[in-house]
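Printed here is my_file-v1.csv (CSV, C-alpha atoms):
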chain,number,residue,atom,x,y,z
B,1,MET,CA,0.0,0.0,0.0
B,2,THR,CA,1.2,3.5,-0.7
B,3,ARG,CA,1.1,6.2,2.0
B,4,THR,CA,-2.0,7.7,0.4
B,5,GLU,CA,-3.8,4.3,0.2
B,6,ARG,CA,-2.9,3.6,3.8
B,7,LEU,CA,-4.3,6.9,5.0
B,8,ASP,CA,-7.5,6.3,2.9
B,9,SER,CA,-8.1,2.9,4.6
B,10,THR,CA,-7.3,4.4,8.0
B,11,PHE,CA,-9.8,7.2,7.5
B,12,ALA,CA,-12.4,4.9,6.1
B,13,ALA,CA,-12.0,2.6,9.1
B,14,LEU,CA,-12.4,5.5,11.5
B,15,SER,CA,-15.6,6.8,9.8
B,16,ASP,CA,-17.7,4.4,11.8
B,17,PRO,CA,-18.7,5.1,15.4
B,18,THR,CA,-18.6,1.4,16.5
B,19,ARG,CA,-15.1,1.0,15.1
B,20,ARG,CA,-14.0,4.1,16.9
B,21,ALA,CA,-15.5,2.8,20.1
B,22,ILE,CA,-13.7,-0.5,19.6
B,23,LEU,CA,-10.4,1.3,19.2
B,24,ALA,CA,-11.1,3.4,22.4
B,25,ARG,CA,-11.7,0.1,24.2
B,26,LEU,CA,-8.6,-1.5,22.8
B,27,ALA,CA,-6.5,1.6,23.9
B,28,LEU,CA,-7.2,0.3,27.4
B,29,GLY,CA,-5.7,-3.2,26.6
B,30,GLU,CA,-6.2,-6.3,24.6
B,31,ALA,CA,-9.6,-7.9,24.3
B,32,THR,CA,-11.3,-10.9,22.6
B,33,VAL,CA,-14.2,-10.7,20.3
B,34,THR,CA,-16.5,-11.9,23.1
B,35,GLU,CA,-15.3,-9.2,25.4
B,36,LEU,CA,-15.7,-6.6,22.7
B,37,ALA,CA,-19.2,-7.7,21.7
B,38,GLU,CA,-20.5,-7.4,25.2
B,39,PRO,CA,-20.7,-3.6,25.8
B,40,PHE,CA,-21.9,-2.9,22.2
B,41,GLU,CA,-24.9,-5.2,22.4
B,42,MET,CA,-23.9,-6.5,18.9
B,43,SER,CA,-23.6,-10.1,17.7
B,44,GLN,CA,-20.1,-11.5,17.5
B,45,PRO,CA,-20.3,-11.8,13.6
B,46,ALA,CA,-21.2,-8.1,13.4
B,47,ILE,CA,-18.2,-7.2,15.7
B,48,SER,CA,-16.0,-9.6,13.6
B,49,LYS,CA,-16.9,-7.7,10.5
B,50,HIS,CA,-15.8,-4.4,12.1
B,51,LEU,CA,-12.6,-6.0,13.3
B,52,LYS,CA,-11.8,-7.2,9.8
B,53,VAL,CA,-12.0,-3.6,8.5
B,54,LEU,CA,-9.8,-2.4,11.4
B,55,GLU,CA,-7.3,-5.2,10.8
B,56,LEU,CA,-7.1,-4.5,7.0
B,57,ALA,CA,-6.4,-0.8,7.8
B,58,GLY,CA,-3.6,-2.0,10.1
B,59,LEU,CA,-5.3,-0.3,13.1
B,60,ILE,CA,-5.4,-3.6,15.1
B,61,SER,CA,-3.7,-6.9,15.1
B,62,ARG,CA,-5.0,-10.3,16.1
B,63,GLY,CA,-3.2,-12.7,18.4
B,64,ARG,CA,-2.0,-16.2,17.2
B,65,ASP,CA,-4.0,-18.1,19.8
B,66,ALA,CA,-6.6,-19.8,17.6
B,67,GLN,CA,-9.2,-19.9,20.4
B,68,ARG,CA,-9.1,-16.4,21.7
B,69,ARG,CA,-7.3,-14.4,19.0
B,70,PRO,CA,-7.1,-11.3,21.2
B,71,CYS,CA,-7.2,-7.9,19.4
B,72,LYS,CA,-4.5,-5.3,20.0
B,73,LEU,CA,-4.4,-1.7,19.0
B,74,GLU,CA,-1.7,-0.7,16.5
B,75,ALA,CA,-0.7,2.9,17.1
B,76,ALA,CA,1.3,3.8,14.0
B,77,PRO,CA,-1.5,4.4,11.4
B,78,LEU,CA,-3.5,6.3,14.0
B,79,GLU,CA,-0.7,8.6,14.6
B,80,GLU,CA,-0.1,9.2,10.9
B,81,ALA,CA,-3.8,10.0,10.4
B,82,ASN,CA,-3.8,12.2,13.4
B,83,LYS,CA,-0.9,14.2,12.0
B,84,TRP,CA,-2.8,15.1,8.9
B,85,LEU,CA,-5.9,16.2,10.8
B,86,GLU,CA,-3.9,18.2,13.3
B,87,ARG,CA,-2.1,20.1,10.5
B,88,TYR,CA,-5.2,21.4,8.9
B,89,ARG,CA,-7.0,22.2,12.1
B,90,GLU,CA,-4.0,23.9,13.5
B,91,PHE,CA,-3.5,26.0,10.4
B,92,TRP,CA,-6.9,27.6,10.7
B,93,GLU,CA,-7.2,27.8,14.5
B,94,GLY,CA,-3.7,29.3,14.7
B,95,SER,CA,-4.5,31.8,11.9
B,96,PHE,CA,-7.9,32.8,13.4
B,97,LYS,CA,-6.3,33.4,16.8
B,98,ARG,CA,-3.9,35.8,15.2
B,99,LEU,CA,-6.8,37.5,13.3
B,100,ASP,CA,-8.6,38.0,16.6
B,101,ALA,CA,-5.6,39.9,17.9
B,102,LEU,CA,-5.2,41.9,14.7
B,103,LEU,CA,-8.9,42.9,14.7
B,104,GLU,CA,-8.6,44.1,18.3
B,105,GLU,CA,-5.7,46.3,17.2
B,106,MET,CA,-7.6,47.6,14.2
B,107,LYS,CA,-10.6,48.5,16.4
B,108,LYS,CA,-8.4,50.4,18.9
B,109,LYS,CA,-6.8,52.4,16.1
B,110,GLU,CA,-10.2,53.3,14.7
B,111,THR,CA,-11.4,54.5,18.1
B,112,ARG,CA,-8.3,56.6,18.5
B,113,ARG,CA,-8.8,58.2,15.1
B,114,LYS,CA,-12.4,59.1,15.9
B,115,ARG,CA,-11.4,61.0,19.0
U,116,MET,CA,-21.4,16.3,10.3
U,117,ILE,CA,-20.3,19.2,12.4
U,118,GLN,CA,-17.3,19.7,14.6
U,119,HIS,CA,-16.8,22.6,17.0
U,120,SER,CA,-13.3,23.0,18.0
U,121,GLY,CA,-12.7,26.1,19.9
U,122,ASN,CA,-15.4,28.1,18.1
U,123,LEU,CA,-14.2,27.0,14.7
U,124,GLU,CA,-16.9,25.0,13.0
U,125,LEU,CA,-16.0,22.6,10.2
U,126,THR,CA,-18.6,20.9,8.0
U,127,THR,CA,-18.6,18.8,4.8
U,128,PRO,CA,-22.0,19.4,3.1
U,129,GLY,CA,-21.1,17.4,0.1
U,130,ASP,CA,-18.4,15.1,-1.4
U,131,ARG,CA,-16.4,18.0,-2.8
U,132,GLU,CA,-17.0,20.7,-0.3
U,133,ILE,CA,-15.4,21.9,3.0
U,134,VAL,CA,-17.0,24.7,5.0
U,135,MET,CA,-15.4,26.6,7.8
U,136,ARG,CA,-17.2,29.1,10.0
U,137,ARG,CA,-15.8,31.3,12.7
U,138,THR,CA,-17.2,34.4,14.4
U,139,PHE,CA,-15.0,37.5,15.2
U,140,ASP,CA,-15.7,40.3,17.6
U,141,ALA,CA,-15.4,43.1,15.0
U,142,PRO,CA,-17.5,44.7,12.3
U,143,ARG,CA,-17.3,43.1,8.9
U,144,ARG,CA,-15.5,46.0,7.1
U,145,LEU,CA,-12.6,45.4,9.4
U,146,VAL,CA,-12.7,41.6,8.9
U,147,PHE,CA,-13.0,42.2,5.2
U,148,ASP,CA,-9.9,44.5,5.3
U,149,ALA,CA,-8.0,42.0,7.3
U,150,TYR,CA,-8.8,39.4,4.7
U,151,THR,CA,-8.0,41.4,1.6
U,152,LYS,CA,-5.2,43.9,2.4
U,153,PRO,CA,-1.8,42.3,1.9
U,154,GLU,CA,-0.2,44.3,4.8
U,155,LEU,CA,-2.9,42.9,7.1
U,156,VAL,CA,-3.2,39.4,5.6
U,157,ARG,CA,0.5,38.7,6.2
U,158,GLN,CA,0.0,39.4,9.9
U,159,TRP,CA,-2.3,36.4,10.4
U,160,LEU,CA,-3.0,33.9,7.6
U,161,GLY,CA,-0.9,30.9,8.4
U,162,VAL,CA,1.4,33.1,10.6
U,163,PHE,CA,1.9,31.3,13.9
U,164,ASP,CA,4.0,28.7,15.5
U,165,GLY,CA,7.2,29.8,13.7
U,166,HIS,CA,5.6,29.9,10.2
U,167,SER,CA,5.7,33.2,8.3
U,168,MET,CA,4.2,34.6,5.2
U,169,SER,CA,7.1,35.6,2.9
U,170,GLU,CA,5.1,36.9,-0.1
U,171,CYS,CA,1.6,38.3,-0.3
U,172,GLU,CA,0.1,39.8,-3.4
U,173,ILE,CA,-3.5,40.7,-3.8
U,174,ASP,CA,-5.0,42.4,-6.8
U,175,LEU,CA,-8.6,42.8,-5.5
U,176,ARG,CA,-10.7,43.1,-8.6
U,177,VAL,CA,-12.5,40.6,-10.8
U,178,GLY,CA,-9.9,38.8,-12.9
U,179,GLY,CA,-7.1,40.0,-10.6
U,180,ARG,CA,-4.7,37.5,-9.1
U,181,TYR,CA,-3.6,36.8,-5.5
U,182,HIS,CA,-0.6,34.8,-4.4
U,183,TYR,CA,0.6,33.8,-1.0
U,184,VAL,CA,3.9,32.1,-0.1
U,185,TRP,CA,4.6,30.8,3.4
U,186,THR,CA,8.0,29.8,4.8
U,187,LEU,CA,7.2,27.1,7.3
U,188,LYS,CA,9.3,26.8,10.4
U,189,ASP,CA,11.2,23.8,9.0
U,190,GLY,CA,12.2,26.0,6.0
U,191,THR,CA,9.7,24.5,3.5
U,192,ARG,CA,8.2,26.9,1.0
U,193,MET,CA,4.5,26.6,0.4
U,194,GLY,CA,2.7,28.7,-2.2
U,195,LEU,CA,-1.0,29.2,-3.0
U,196,GLY,CA,-2.8,31.5,-5.4
U,197,GLY,CA,-5.7,32.1,-7.7
U,198,VAL,CA,-7.9,34.6,-9.5
U,199,PHE,CA,-10.8,36.6,-8.2
U,200,ARG,CA,-14.1,35.8,-9.9
U,201,GLU,CA,-16.6,37.9,-7.9
U,202,ILE,CA,-16.1,40.7,-5.3
U,203,VAL,CA,-18.8,42.4,-3.3
U,204,VAL,CA,-17.2,44.7,-0.7
U,205,PRO,CA,-17.4,43.9,2.3
U,206,GLU,CA,-19.7,40.9,1.9
U,207,ARG,CA,-18.5,38.2,-0.4
U,208,ILE,CA,-15.5,37.0,-2.4
U,209,VAL,CA,-15.4,34.2,-4.9
U,210,SER,CA,-12.0,33.1,-6.2
U,211,THR,CA,-10.1,30.1,-7.6
U,212,GLU,CA,-7.4,28.4,-5.4
U,213,LYS,CA,-4.5,26.3,-6.4
U,214,PHE,CA,-1.3,25.2,-4.6
U,215,ASP,CA,1.9,26.0,-6.4
U,216,GLU,CA,3.0,22.4,-5.7
U,217,PRO,CA,0.7,20.2,-7.9
U,218,TRP,CA,-0.6,18.1,-5.0
U,219,TYR,CA,-3.8,17.2,-6.8
U,220,GLY,CA,-2.9,17.7,-10.4
U,221,ASP,CA,-3.5,20.9,-12.2
U,222,GLN,CA,-7.0,21.4,-11.0
U,223,GLU,CA,-8.4,24.4,-9.1
U,224,ALA,CA,-10.7,24.6,-6.2
U,225,LEU,CA,-13.3,27.3,-5.9
U,226,ASP,CA,-13.5,29.4,-2.7
U,227,THR,CA,-16.5,31.4,-1.6
U,228,VAL,CA,-15.9,33.6,1.4
U,229,THR,CA,-18.8,35.5,3.0
U,230,PHE,CA,-18.8,38.1,5.8
U,231,ASP,CA,-22.0,38.3,7.8
U,232,GLU,CA,-22.4,41.0,10.4
U,233,SER,CA,-24.7,40.9,13.4
U,234,ASN,CA,-24.5,43.2,16.5
U,235,GLY,CA,-21.1,44.3,15.6
U,236,ARG,CA,-19.8,40.8,15.3
U,237,THR,CA,-18.8,39.1,12.0
U,238,THR,CA,-19.3,35.5,11.0
U,239,LEU,CA,-16.7,34.5,8.4
U,240,THR,CA,-17.7,31.5,6.3
U,241,ILE,CA,-15.1,29.9,4.0
U,242,SER,CA,-16.4,27.3,1.5
U,243,VAL,CA,-13.8,25.4,-0.5
U,244,LEU,CA,-15.2,23.5,-3.5
U,245,ALA,CA,-12.7,21.0,-4.7
U,246,PRO,CA,-12.7,19.8,-8.4
U,247,SER,CA,-13.4,16.3,-7.2
U,248,LYS,CA,-13.9,14.2,-4.1
U,249,GLU,CA,-10.4,12.8,-4.6
U,250,ALA,CA,-9.0,16.2,-4.9
U,251,ARG,CA,-10.7,17.4,-1.7
U,252,ASP,CA,-9.5,14.4,0.2
U,253,MET,CA,-6.0,14.8,-1.3
U,254,MET,CA,-6.0,18.5,-0.3
U,255,LEU,CA,-6.5,17.8,3.3
U,256,LYS,CA,-5.9,14.1,3.4
U,257,SER,CA,-8.5,14.5,4.7
U,258,GLY,CA,-9.3,16.4,7.8
U,259,MET,CA,-12.9,16.8,6.6
U,260,ALA,CA,-13.7,13.5,5.0
U,261,ASP,CA,-17.0,12.2,6.3
U,262,GLY,CA,-16.9,11.1,9.9
U,263,VAL,CA,-13.2,11.8,10.3
U,264,THR,CA,-13.5,15.1,12.1
U,265,ALA,CA,-16.4,13.6,14.2
U,266,GLY,CA,-13.8,10.9,15.1
U,267,TYR,CA,-11.2,13.4,15.8
U,268,ASP,CA,-12.0,14.0,19.5
U,269,GLN,CA,-12.2,10.2,19.9
U,270,LEU,CA,-8.9,9.8,18.2
U,271,ASP,CA,-7.4,12.4,20.5
U,272,LYS,CA,-8.6,10.4,23.5
U,273,ILE,CA,-7.2,7.2,22.0
U,274,LEU,CA,-3.8,8.8,21.5
U,275,GLU,CA,-3.8,10.4,24.9
U,276,SER,CA,-4.5,7.0,26.6
U,277,LEU,CA,-1.8,5.5,24.3
U,278,GLN,CA,0.7,8.0,25.5
U,279,ALA,CA,-0.3,7.4,29.1
U,280,GLU,CA,0.2,3.7,28.4
U,281,VAL,CA,3.7,4.2,27.0
U,282,LYS,CA,4.7,6.4,30.0
U,283,ARG,CA,3.7,3.7,32.5
Go ahead and express the file in the form of C-alpha cells.
Amino acid sequence: MTRTERLDSTFAALSDPTRRAILARLALGEATVTELAEPFEMSQPAISKHLKVLELAGLISRGRDAQRRPCKLEAAPLEEANKWLERYREFWEGSFKRLDALLEEMKKKETRRKR
Amino acid sequence: MIQHSGNLELTTPGDREIVMRRTFDAPRRLVFDAYTKPELVRQWLGVFDGHSMSECEIDLRVGGRYHYVWTLKDGTRMGLGGVFREIVVPERIVSTEKFDEPWYGDQEALDTVTFDESNGRTTLTISVLAPSKEARDMMLKSGMADGVTAGYDQLDKILESLQAEVKR
C-alpha cells in the first residue's frame, strides 16, 4: 500500500462510530471478540466484520492463539492519520487566533482616530 | 457532520466541499480589510508557531490574481494562489485556489468567502469546493472526510491514553 492508500483505509476505518469505540476500548488493553461484543450489544459476527476492517487498515492486530485471537491496538497508522488532521485544524485555528488579535488592534486604532 | 473545535466550525456538506465558520468580535468591514489587504493578511494567515508569510500579493478586482507564499518553520516553502471571480465589498469574495505544488494535479478549487455582520460581530464563512472528491481528500488528506472530524475527538482520546500507556 502507498502512503495515500494507507491513509485512505485508516480514514475509512475511522468513519464508523462502532469502530472508533472498539479502538477506544482497545486503547485500554487487549480484548477478545466476546469481550468486545458485550458492551456494544452486537452479535459476534457483526463485531468480527468491524474487526476485519480495522485489521485491514492496520489499526489492530490479532493474536495467534486460535481460540481467543485477542485484538490489540496498533498505534502507528492512527498517529499518521492524526498528524494530517492536526495540521489542517492547527492552520486555521492558529490563523484565526492571530486574526482575533489583529482585529482588536484595528478596532483600537479606529477608536483613537475618531477622537 | 459538524465539529466545533474552539469556536471554529467545520462541515462537509457534500463530497467536494469543505465549509469553515468562525465568528469574530469586529464589524465586517474590518474583517474584510484583514482578509484582503496584503499588509494585514501577512500578519495572520498561516502566521503562527514559527511559520511566516514571505510573499503576499492581492489584486482585489474581478480577474485580478492573488498569491501567498509561506515559509514554514522547517524552512519548507508553500505557495497558494488564484484569480478573483466575484467581489462584493465587504460581503463576499469568490476566487479560484490552487497550490503551487501540484498536490492534486493541475485542478483548481473554488473558494467562496462570506462576511455576515450581526450586532457588531462578524461571522466568516469559507467554503472550498474541490474539483473532485479525490482532490478534496487529497488537499486535506483529509481532515474533513465524512466522519473523520467527528472521530477526531475520539482519536485524540485514544492517542492520549496510548501516550499514558507508554509512559507507564
Determine, counting all atoms listed in the file, which protein, DNA and RNA residues have an atom within 9 Å of an atom of Ala13 of chain B; residues of the same chain fewer than 2 positions away are not included. Present the result as a PDB file with C-alpha atoms, in the coordinates of the input.
ATOM      1  CA  ASP B   8      -7.500   6.300   2.900  1.00  0.00           C
ATOM      2  CA  SER B   9      -8.100   2.900   4.600  1.00  0.00           C
ATOM      3  CA  THR B  10      -7.300   4.400   8.000  1.00  0.00           C
ATOM      4  CA  PHE B  11      -9.800   7.200   7.500  1.00  0.00           C
ATOM      5  CA  SER B  15     -15.600   6.800   9.800  1.00  0.00           C
ATOM      6  CA  ASP B  16     -17.700   4.400  11.800  1.00  0.00           C
ATOM      7  CA  ARG B  19     -15.100   1.000  15.100  1.00  0.00           C
ATOM      8  CA  ARG B  20     -14.000   4.100  16.900  1.00  0.00           C
ATOM      9  CA  HIS B  50     -15.800  -4.400  12.100  1.00  0.00           C
ATOM     10  CA  VAL B  53     -12.000  -3.600   8.500  1.00  0.00           C
ATOM     11  CA  LEU B  54      -9.800  -2.400  11.400  1.00  0.00           C
ATOM     12  CA  LEU B  56      -7.100  -4.500   7.000  1.00  0.00           C
ATOM     13  CA  ALA B  57      -6.400  -0.800   7.800  1.00  0.00           C
ATOM     14  CA  LEU B  59      -5.300  -0.300  13.100  1.00  0.00           C
TER      15      LEU B  59
END
> Residues of chain B within 8 Å of chain U, using only C-alpha atoms, as a PyMOL selection string?
Replying inline: chain B and resi 7-8+11+14-17+20+23-24+27-28+75+78-79+82+84-86+88-89+91-96+98-100+102-104+106-107
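Taking atom CA of Ala46 of chain B and atom CA of Glu5 of chain B as the two end points, the separation is 25.1 Å.
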> Could you name the residues that touch Ala31 of chain B at 9 Å or less, counting all atoms listed in the file, but leaving out those on the same chain fewer than 6 positions away, as a PyMOL selection string?
Replying inline: chain B and resi 25+68-72
> What is the distance between atom CA of Gly197 of chain U and atom CA of Thr229 of chain U, in Å to one decimal?
Replying inline: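 Atom-to-atom, atom CA of Gly197 of chain U to atom CA of Thr229 of chain U, that is 17.3 Å.
Here atom CA of Lys188 of chain U stands at a distance of 11.8 Å from atom CA of Ser169 of chain U.
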>> Considering only C-alpha atoms, can you say which of U:Leu244, U:Phe230, U:His182, U:Gly235 comes closest to Phe214 of chain U?
In response: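 Smallest separation from Phe214 of chain U among the options: U:His182.
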> So which one's closest to Arg207 of chain U, U:Phe147, U:Thr186, U:Glu132, U:Glu124? Using all atoms listed in the file, please.
Replying inline: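 Of U:Phe147, U:Thr186, U:Glu132, U:Glu124, the one nearest Arg207 of chain U, counting all atoms listed in the file, is U:Phe147.
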> Do you know which residues are at most 9 Å from Ile241 of chain U counting all atoms listed in the file, after dropping those on the same chain fewer than 2 positions away, and could you put them as a ChimeraX atom specification?
Replying inline: /U:133-137,226-229,239,243
>> Residues within 8 Å of Ala224 of chain U, please, as a list in words. Count only C-alpha atoms; anything in the same chain fewer than 5 positions from it doesn't count.
In response: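 Contacts, with the query itself left out: Thr211, Glu212, Lys213, Val243, Leu244, Ala245 and Pro246 of chain U.
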Same residues, C-alpha atoms, saved as a JSON list (two decimals), in the coordinates of the input:
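Contents of part_2.json, as written:
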[["chain", "number", "residue", "atom", "x", "y", "z"],
["U", 211, "THR", "CA", -10.10, 30.10, -7.60],
["U", 212, "GLU", "CA", -7.40, 28.40, -5.40],
["U", 213, "LYS", "CA", -4.50, 26.30, -6.40],
["U", 243, "VAL", "CA", -13.80, 25.40, -0.50],
["U", 244, "LEU", "CA", -15.20, 23.50, -3.50],
["U", 245, "ALA", "CA", -12.70, 21.00, -4.70],
["U", 246, "PRO", "CA", -12.70, 19.80, -8.40]]
